[in-house]
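A quick write-up on the structure given underneath.
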Amino acid sequence: MSSAVHLHPRAWPVWDLFFPPLCAICGRSLTPDAILFCAQCWADAPVADAHDLRPLKHTDVVRAGYRFGGEDVVRESVHALKFDGMKRLASVMARHLIPRMPVRMVEVDAVWCEVPLHWLRRAARGFNQSRLLADELAAATGHAAPVSLLRRVRATPSQTSRSYRERAANVRDAFALRRSRSLPESVLLIDDVITTGATVDECARTLKAAGVKWVGALAFALTHPT
Ligand SMILES: [Zn+2]
């Protein structure tokens with residue numbers, strides 16, 4: 001997916017020497033605590049609700065903070081974190097996601113676990129954006145540090161433009177448990193973007209086949225159901 005929103009030229013750091021930094025989307029001045037995007041662009045971001053989410057087969061609860069797809073701060077922040085390596089954005093995204101998490105999801109006695117990347121992709125990117133989000137969410141809510149329970153044993157082709165059925169087949173058996181980990185009863189999977197849910201549901205299937213009783217999924221954003 002290519003971004004249709006062009007970063008405002010004065011958002012580049014070199015300009016900080018001469019001008020206050022500006023929002024990369026709308027060009028307004030940024031407050032000192034803002035990173036790349038202004039408070040108004042965040043306030044205008046489309047919020048997801050439970051009706052946006054299709055039920056999944058193995059995942060007990062699925063929630064997301066925002067809808068992904070418009071030319072807005074949701075898509076720009078996801079892209080800037082994942083493709084531009086703006087790791088500092090993870091804390092901003094977590095801060096905006098927390099008020100949209102169901103309280104029960106924070107309080108449930110579950111181990112938090114990121115959706116893993118294949119090691120080749122992780123090596124190329126240098127980080128897993130879902131793990132960064134999970135770490136920031138845990139730090140901000142006081143939850144125990146996330147645990148990497150799963151690894152991706154198969155690199156999967158791009159999921160873009162595939163239906164749920166195609167995606168489910170694409171990720172089948174793509175995950176395995178990390179052998180050194182003892183399994184908890186409940187796991188909350190954390191991802192940056194959920195599209196059809198096929199990936200998190202395959203993670204949930206893998207965990208449940210190994211004896212986990214409850215698996216929830218939380219994403220920063222989700223795409224419109226197709
Ligand atoms: Zn803005």
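Residue numbering restarts at 1 for every chain of the structure tokens, chains are lettered A, B, ... in their displayed order, and ligands are numbered from 1 as they appear.
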Quick one: contact table of chain A to ligand 1, 10 Å max, nearest atom pair and distance in Å to one decimal per residue, counting only C-alpha atoms and all ligand atoms, chain and number order, as a Markdown table?
```
| residue | atom | partner | partner_atom_place_in_ligand_line | distance |
| --- | --- | --- | --- | --- |
| A:Leu22 | CA | ligand 1 | 1 (Zn) | 7.9 |
| A:Cys23 | CA | ligand 1 | 1 (Zn) | 4.6 |
| A:Ala24 | CA | ligand 1 | 1 (Zn) | 6.6 |
| A:Ile25 | CA | ligand 1 | 1 (Zn) | 5.1 |
| A:Cys26 | CA | ligand 1 | 1 (Zn) | 4.2 |
| A:Gly27 | CA | ligand 1 | 1 (Zn) | 6.0 |
| A:Arg28 | CA | ligand 1 | 1 (Zn) | 5.7 |
| A:Ser29 | CA | ligand 1 | 1 (Zn) | 8.1 |
| A:Leu30 | CA | ligand 1 | 1 (Zn) | 8.0 |
| A:Leu36 | CA | ligand 1 | 1 (Zn) | 8.3 |
| A:Phe37 | CA | ligand 1 | 1 (Zn) | 5.2 |
| A:Cys38 | CA | ligand 1 | 1 (Zn) | 4.1 |
| A:Ala39 | CA | ligand 1 | 1 (Zn) | 6.6 |
| A:Gln40 | CA | ligand 1 | 1 (Zn) | 5.6 |
| A:Cys41 | CA | ligand 1 | 1 (Zn) | 4.3 |
| A:Trp42 | CA | ligand 1 | 1 (Zn) | 7.5 |
| A:Ala43 | CA | ligand 1 | 1 (Zn) | 9.3 |
| A:Asp44 | CA | ligand 1 | 1 (Zn) | 9.1 |
| A:Asp72 | CA | ligand 1 | 1 (Zn) | 9.1 |
| A:Val73 | CA | ligand 1 | 1 (Zn) | 8.0 |
```
Leaving out Leu207 (chain A) and any residue of its chain fewer than 5 positions from it, which residues lie within 10 Å of it when counting only C-alpha atoms, given as a PyMOL selection string?
chain A and resi 58+149-150+175-177+183-187+201-202+212-215
Dump as a CSV table (one decimal), in the first residue's frame, selection limited to all heavy atoms:
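The result, written out as selection12.csv:
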```csv
chain,number,residue,atom,x,y,z
A,58,HIS,N,-11.2,-19.0,16.5
A,58,HIS,CA,-10.4,-19.4,17.7
A,58,HIS,C,-10.2,-18.3,18.7
A,58,HIS,O,-9.7,-18.6,19.8
A,58,HIS,CB,-9.1,-20.0,17.2
A,58,HIS,CG,-9.3,-21.1,16.2
A,58,HIS,ND1,-9.7,-22.4,16.5
A,58,HIS,CD2,-9.1,-21.1,14.9
A,58,HIS,CE1,-9.8,-23.1,15.4
A,58,HIS,NE2,-9.4,-22.4,14.4
A,149,LEU,N,5.5,-15.7,23.1
A,149,LEU,CA,5.2,-17.1,23.2
A,149,LEU,C,5.3,-17.9,21.9
A,149,LEU,O,5.4,-19.1,21.8
A,149,LEU,CB,3.7,-17.3,23.7
A,149,LEU,CG,3.4,-16.7,25.1
A,149,LEU,CD1,1.9,-16.7,25.3
A,149,LEU,CD2,4.1,-17.6,26.2
A,150,LEU,N,5.2,-17.1,20.8
A,150,LEU,CA,5.1,-17.7,19.4
A,150,LEU,C,6.2,-17.3,18.6
A,150,LEU,O,6.8,-16.2,18.8
A,150,LEU,CB,3.8,-17.3,18.8
A,150,LEU,CG,2.5,-17.7,19.4
A,150,LEU,CD1,1.3,-16.9,18.8
A,150,LEU,CD2,2.3,-19.2,19.1
A,175,PHE,N,2.7,-20.6,12.4
A,175,PHE,CA,3.2,-20.3,13.8
A,175,PHE,C,3.5,-21.5,14.6
A,175,PHE,O,2.9,-22.5,14.4
A,175,PHE,CB,2.2,-19.4,14.5
A,175,PHE,CG,1.9,-18.1,13.8
A,175,PHE,CD1,0.8,-18.0,13.0
A,175,PHE,CD2,2.8,-17.0,13.9
A,175,PHE,CE1,0.5,-16.8,12.3
A,175,PHE,CE2,2.5,-15.9,13.2
A,175,PHE,CZ,1.3,-15.8,12.4
A,176,ALA,N,4.4,-21.4,15.5
A,176,ALA,CA,4.7,-22.5,16.4
A,176,ALA,C,5.1,-21.9,17.8
A,176,ALA,O,5.4,-20.7,17.9
A,176,ALA,CB,5.9,-23.3,15.9
A,177,LEU,N,4.9,-22.7,18.8
A,177,LEU,CA,5.3,-22.2,20.2
A,177,LEU,C,6.8,-22.1,20.3
A,177,LEU,O,7.5,-23.0,19.8
A,177,LEU,CB,4.7,-23.2,21.2
A,177,LEU,CG,3.2,-23.3,21.3
A,177,LEU,CD1,2.8,-24.5,22.1
A,177,LEU,CD2,2.6,-22.0,21.8
A,183,LEU,N,3.2,-22.3,29.1
A,183,LEU,CA,2.0,-21.6,28.6
A,183,LEU,C,1.1,-21.2,29.7
A,183,LEU,O,0.8,-21.9,30.6
A,183,LEU,CB,1.3,-22.6,27.7
A,183,LEU,CG,1.8,-22.7,26.3
A,183,LEU,CD1,1.0,-23.7,25.5
A,183,LEU,CD2,1.8,-21.3,25.6
A,184,PRO,N,0.6,-20.0,29.6
A,184,PRO,CA,-0.4,-19.5,30.6
A,184,PRO,C,-1.8,-20.0,30.1
A,184,PRO,O,-2.0,-20.5,29.1
A,184,PRO,CB,-0.3,-18.0,30.4
A,184,PRO,CG,0.1,-17.8,29.0
A,184,PRO,CD,1.0,-19.0,28.6
A,185,GLU,N,-2.8,-19.7,31.0
A,185,GLU,CA,-4.2,-20.1,30.7
A,185,GLU,C,-4.8,-19.1,29.7
A,185,GLU,O,-5.6,-19.5,28.8
A,185,GLU,CB,-5.0,-20.1,31.9
A,185,GLU,CG,-4.8,-21.2,32.8
A,185,GLU,CD,-6.1,-21.8,33.4
A,185,GLU,OE1,-7.0,-21.0,33.6
A,185,GLU,OE2,-6.1,-23.0,33.7
A,186,SER,N,-4.4,-17.8,29.7
A,186,SER,CA,-5.0,-16.8,28.9
A,186,SER,C,-3.9,-16.0,28.2
A,186,SER,O,-2.9,-15.6,28.9
A,186,SER,CB,-5.9,-15.9,29.8
A,186,SER,OG,-6.8,-16.6,30.5
A,187,VAL,N,-4.2,-15.6,27.0
A,187,VAL,CA,-3.2,-14.9,26.2
A,187,VAL,C,-3.9,-13.7,25.5
A,187,VAL,O,-5.0,-14.0,24.9
A,187,VAL,CB,-2.5,-15.8,25.2
A,187,VAL,CG1,-1.6,-14.9,24.3
A,187,VAL,CG2,-1.6,-16.8,25.9
A,201,ASP,N,-6.1,-15.2,14.2
A,201,ASP,CA,-6.8,-16.4,14.5
A,201,ASP,C,-6.0,-17.7,14.4
A,201,ASP,O,-6.2,-18.7,15.1
A,201,ASP,CB,-8.1,-16.5,13.6
A,201,ASP,CG,-9.2,-17.2,14.3
A,201,ASP,OD1,-9.4,-17.1,15.5
A,201,ASP,OD2,-9.9,-18.0,13.6
A,202,GLU,N,-5.0,-17.6,13.5
A,202,GLU,CA,-4.1,-18.8,13.4
A,202,GLU,C,-3.2,-18.8,14.6
A,202,GLU,O,-2.9,-19.9,15.1
A,202,GLU,CB,-3.3,-18.7,12.1
A,202,GLU,CG,-2.3,-19.8,11.8
A,202,GLU,CD,-2.9,-21.2,11.7
A,202,GLU,OE1,-4.2,-21.3,11.5
A,202,GLU,OE2,-2.2,-22.2,11.7
A,212,VAL,N,-3.9,-23.5,25.7
A,212,VAL,CA,-4.3,-22.2,26.3
A,212,VAL,C,-5.8,-22.2,26.2
A,212,VAL,O,-6.4,-22.6,25.2
A,212,VAL,CB,-3.7,-21.0,25.4
A,212,VAL,CG1,-4.3,-19.7,25.9
A,212,VAL,CG2,-2.2,-21.1,25.6
A,213,LYS,N,-6.5,-21.6,27.3
A,213,LYS,CA,-7.9,-21.7,27.3
A,213,LYS,C,-8.6,-20.5,26.7
A,213,LYS,O,-9.7,-20.6,26.2
A,213,LYS,CB,-8.4,-21.8,28.8
A,213,LYS,CG,-7.8,-22.9,29.6
A,213,LYS,CD,-8.7,-24.2,29.3
A,213,LYS,CE,-8.2,-25.4,30.2
A,213,LYS,NZ,-6.9,-25.9,29.8
A,214,TRP,N,-8.0,-19.3,26.8
A,214,TRP,CA,-8.7,-18.1,26.3
A,214,TRP,C,-7.6,-17.3,25.6
A,214,TRP,O,-6.5,-17.1,26.0
A,214,TRP,CB,-9.2,-17.3,27.5
A,214,TRP,CG,-9.9,-16.0,27.2
A,214,TRP,CD1,-11.2,-15.8,27.0
A,214,TRP,CD2,-9.3,-14.7,27.0
A,214,TRP,NE1,-11.5,-14.5,26.7
A,214,TRP,CE2,-10.3,-13.8,26.6
A,214,TRP,CE3,-7.9,-14.2,27.0
A,214,TRP,CZ2,-10.1,-12.4,26.4
A,214,TRP,CZ3,-7.7,-12.9,26.7
A,214,TRP,CH2,-8.8,-12.0,26.4
A,215,VAL,N,-8.0,-16.8,24.4
A,215,VAL,CA,-7.2,-16.0,23.6
A,215,VAL,C,-8.0,-14.8,23.1
A,215,VAL,O,-9.0,-14.9,22.4
A,215,VAL,CB,-6.6,-16.7,22.3
A,215,VAL,CG1,-5.6,-15.8,21.6
A,215,VAL,CG2,-5.8,-17.9,22.8
```
Residue list (helix (DSSP H, G or I), DSSP) for region 12-205 of chain A, as a ChimeraX atom specification
/A:13-17,39-43,50-52,73-82,89-100,103-107,119-125,129-141,164-171,198-205
Near Arg125 (chain A), within 8 Å and counting only C-alpha atoms, which residues show up once chain neighbours fewer than 2 positions away are dropped, as JSON, numbers by chain?
{"A": [82, 83, 85, 121, 122, 123, 127, 128]}
Proximity to Ser91 (chain A) - best of A:Leu56, A:Arg131, A:Ala110, A:His143, only C-alpha atoms:
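The closest residue to Ser91 (chain A) is A:Arg131.
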Among region 2-226 of chain A, which ones does DSSP place in strand (DSSP E or B), written as number ranges by chain?
A: 22, 29, 47, 61-68, 111-114, 118, 150-152, 175-177, 186-194, 214-223
Please dump the current selection as a tab-separated table (two decimals), in the first residue's frame; keep C-alpha atoms.
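New file out.tsv:
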```tsv
chain	number	residue	atom	x	y	z
A	22	LEU	CA	4.76	20.97	12.05
A	29	SER	CA	2.49	23.60	14.70
A	47	VAL	CA	-12.55	5.12	15.92
A	61	VAL	CA	-12.48	-11.41	21.87
A	62	VAL	CA	-11.16	-9.06	19.18
A	63	ARG	CA	-10.86	-5.32	19.65
A	64	ALA	CA	-9.18	-2.48	17.79
A	65	GLY	CA	-8.78	1.20	18.51
A	66	TYR	CA	-9.13	2.75	15.07
A	67	ARG	CA	-10.29	2.10	11.54
A	68	PHE	CA	-7.48	1.79	9.03
A	111	VAL	CA	-0.10	-12.86	29.26
A	112	TRP	CA	0.36	-10.33	26.49
A	113	CYS	CA	2.09	-11.58	23.36
A	114	GLU	CA	2.89	-9.86	20.08
A	118	HIS	CA	9.24	-14.21	10.47
A	150	LEU	CA	5.07	-17.70	19.44
A	151	ARG	CA	7.46	-17.70	16.54
A	152	ARG	CA	6.69	-17.53	12.88
A	175	PHE	CA	3.23	-20.26	13.77
A	176	ALA	CA	4.73	-22.47	16.45
A	177	LEU	CA	5.26	-22.21	20.17
A	186	SER	CA	-5.01	-16.80	28.91
A	187	VAL	CA	-3.21	-14.86	26.20
A	188	LEU	CA	-3.88	-11.44	24.69
A	189	LEU	CA	-2.37	-11.16	21.21
A	190	ILE	CA	-1.27	-7.68	20.17
A	191	ASP	CA	-0.97	-6.57	16.55
A	192	ASP	CA	-0.63	-3.26	14.76
A	193	VAL	CA	-3.31	-3.83	12.13
A	194	ILE	CA	-5.91	-6.56	11.81
A	214	TRP	CA	-8.65	-18.09	26.34
A	215	VAL	CA	-7.15	-15.97	23.57
A	216	GLY	CA	-8.05	-12.35	22.89
A	217	ALA	CA	-6.67	-10.04	20.23
A	218	LEU	CA	-6.05	-6.31	20.37
A	219	ALA	CA	-4.93	-4.19	17.43
A	220	PHE	CA	-4.15	-0.54	17.07
A	221	ALA	CA	-6.35	-0.51	13.95
A	222	LEU	CA	-8.43	-2.69	11.71
A	223	THR	CA	-9.39	-2.41	8.08
```
For Met86 (chain A), list every protein, DNA or RNA residue within 10 Å, evaluated using only C-alpha atoms, and leave out those in the same chain fewer than 5 positions away; present the list as an mmCIF file with all heavy atoms, in the first residue's frame.
```cif
data_model
loop_
_atom_site.group_PDB
_atom_site.id
_atom_site.type_symbol
_atom_site.label_atom_id
_atom_site.label_comp_id
_atom_site.auth_asym_id
_atom_site.auth_seq_id
_atom_site.Cartn_x
_atom_site.Cartn_y
_atom_site.Cartn_z
ATOM 1 N N ILE A 35 4.651 13.906 18.417
ATOM 2 C CA ILE A 35 5.618 13.326 17.479
ATOM 3 C C ILE A 35 4.941 13.202 16.117
ATOM 4 O O ILE A 35 3.950 12.477 15.981
ATOM 5 C CB ILE A 35 6.101 11.944 17.957
ATOM 6 C CG1 ILE A 35 6.808 12.065 19.311
ATOM 7 C CG2 ILE A 35 7.026 11.308 16.923
ATOM 8 C CD1 ILE A 35 7.157 10.736 19.953
ATOM 9 N N LEU A 36 5.413 13.926 15.155
ATOM 10 C CA LEU A 36 4.970 13.898 13.762
ATOM 11 C C LEU A 36 3.555 14.422 13.514
ATOM 12 O O LEU A 36 3.306 15.084 12.534
ATOM 13 C CB LEU A 36 5.049 12.477 13.171
ATOM 14 C CG LEU A 36 6.341 12.084 12.452
ATOM 15 C CD1 LEU A 36 6.180 10.684 11.851
ATOM 16 C CD2 LEU A 36 6.734 13.054 11.354
ATOM 17 N N SER A 77 0.492 6.838 10.831
ATOM 18 C CA SER A 77 1.289 6.407 11.987
ATOM 19 C C SER A 77 1.712 4.946 11.834
ATOM 20 O O SER A 77 2.856 4.595 12.139
ATOM 21 C CB SER A 77 0.537 6.645 13.299
ATOM 22 O OG SER A 77 -0.691 5.966 13.321
ATOM 23 N N VAL A 78 0.806 4.103 11.336
ATOM 24 C CA VAL A 78 1.159 2.698 11.107
ATOM 25 C C VAL A 78 2.311 2.607 10.110
ATOM 26 O O VAL A 78 3.287 1.885 10.322
ATOM 27 C CB VAL A 78 -0.066 1.899 10.604
ATOM 28 C CG1 VAL A 78 0.345 0.540 10.043
ATOM 29 C CG2 VAL A 78 -1.080 1.725 11.742
ATOM 30 N N HIS A 79 2.217 3.353 9.022
ATOM 31 C CA HIS A 79 3.255 3.304 7.987
ATOM 32 C C HIS A 79 4.576 3.889 8.482
ATOM 33 O O HIS A 79 5.642 3.353 8.207
ATOM 34 C CB HIS A 79 2.788 4.052 6.736
ATOM 35 C CG HIS A 79 1.810 3.259 5.925
ATOM 36 N ND1 HIS A 79 1.386 3.634 4.678
ATOM 37 C CD2 HIS A 79 1.157 2.112 6.196
ATOM 38 C CE1 HIS A 79 0.523 2.748 4.205
ATOM 39 N NE2 HIS A 79 0.366 1.823 5.117
ATOM 40 N N ALA A 80 4.488 4.999 9.220
ATOM 41 C CA ALA A 80 5.719 5.642 9.695
ATOM 42 C C ALA A 80 6.449 4.740 10.685
ATOM 43 O O ALA A 80 7.676 4.669 10.694
ATOM 44 C CB ALA A 80 5.401 6.994 10.325
ATOM 45 N N LEU A 81 5.675 4.038 11.524
ATOM 46 C CA LEU A 81 6.301 3.109 12.472
ATOM 47 C C LEU A 81 6.910 1.923 11.730
ATOM 48 O O LEU A 81 8.076 1.578 11.913
ATOM 49 C CB LEU A 81 5.256 2.623 13.494
ATOM 50 C CG LEU A 81 5.694 1.496 14.431
ATOM 51 C CD1 LEU A 81 6.870 1.926 15.306
ATOM 52 C CD2 LEU A 81 4.537 1.043 15.322
ATOM 53 N N GLN A 129 7.028 -4.229 14.990
ATOM 54 C CA GLN A 129 6.217 -3.084 15.418
ATOM 55 C C GLN A 129 5.137 -3.487 16.415
ATOM 56 O O GLN A 129 4.763 -2.708 17.296
ATOM 57 C CB GLN A 129 5.600 -2.375 14.202
ATOM 58 C CG GLN A 129 4.524 -3.129 13.462
ATOM 59 C CD GLN A 129 5.072 -4.220 12.542
ATOM 60 O OE1 GLN A 129 6.298 -4.345 12.368
ATOM 61 N NE2 GLN A 129 4.186 -4.999 11.959
#
```
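With only C-alpha atoms as the basis for measurement, A:Asp84 is the residue among A:Ala90, A:Arg205, A:Asp84, A:Asp173 that approaches Gly126 (chain A) most closely.
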CA of Leu97 (chain A) to CA of Leu132 (chain A), distance in Å rounded to a single decimal
13.3 Å
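Rounded to one decimal, CA of Asp49 (chain A) and CA of Thr141 (chain A) lie 21.1 Å from each other.
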Could you please determine the separation between CA of Arg172 (chain A) and CA of Trp119 (chain A) in Å, to one decimal place?
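Interatomic distance here is 17.4 Å.
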Between A:Ser182, A:Ser130, A:Thr156, A:Thr199, which is the closest to Ala168 (chain A) once you count only C-alpha atoms?
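Smallest separation from Ala168 (chain A) among the options: A:Thr199.
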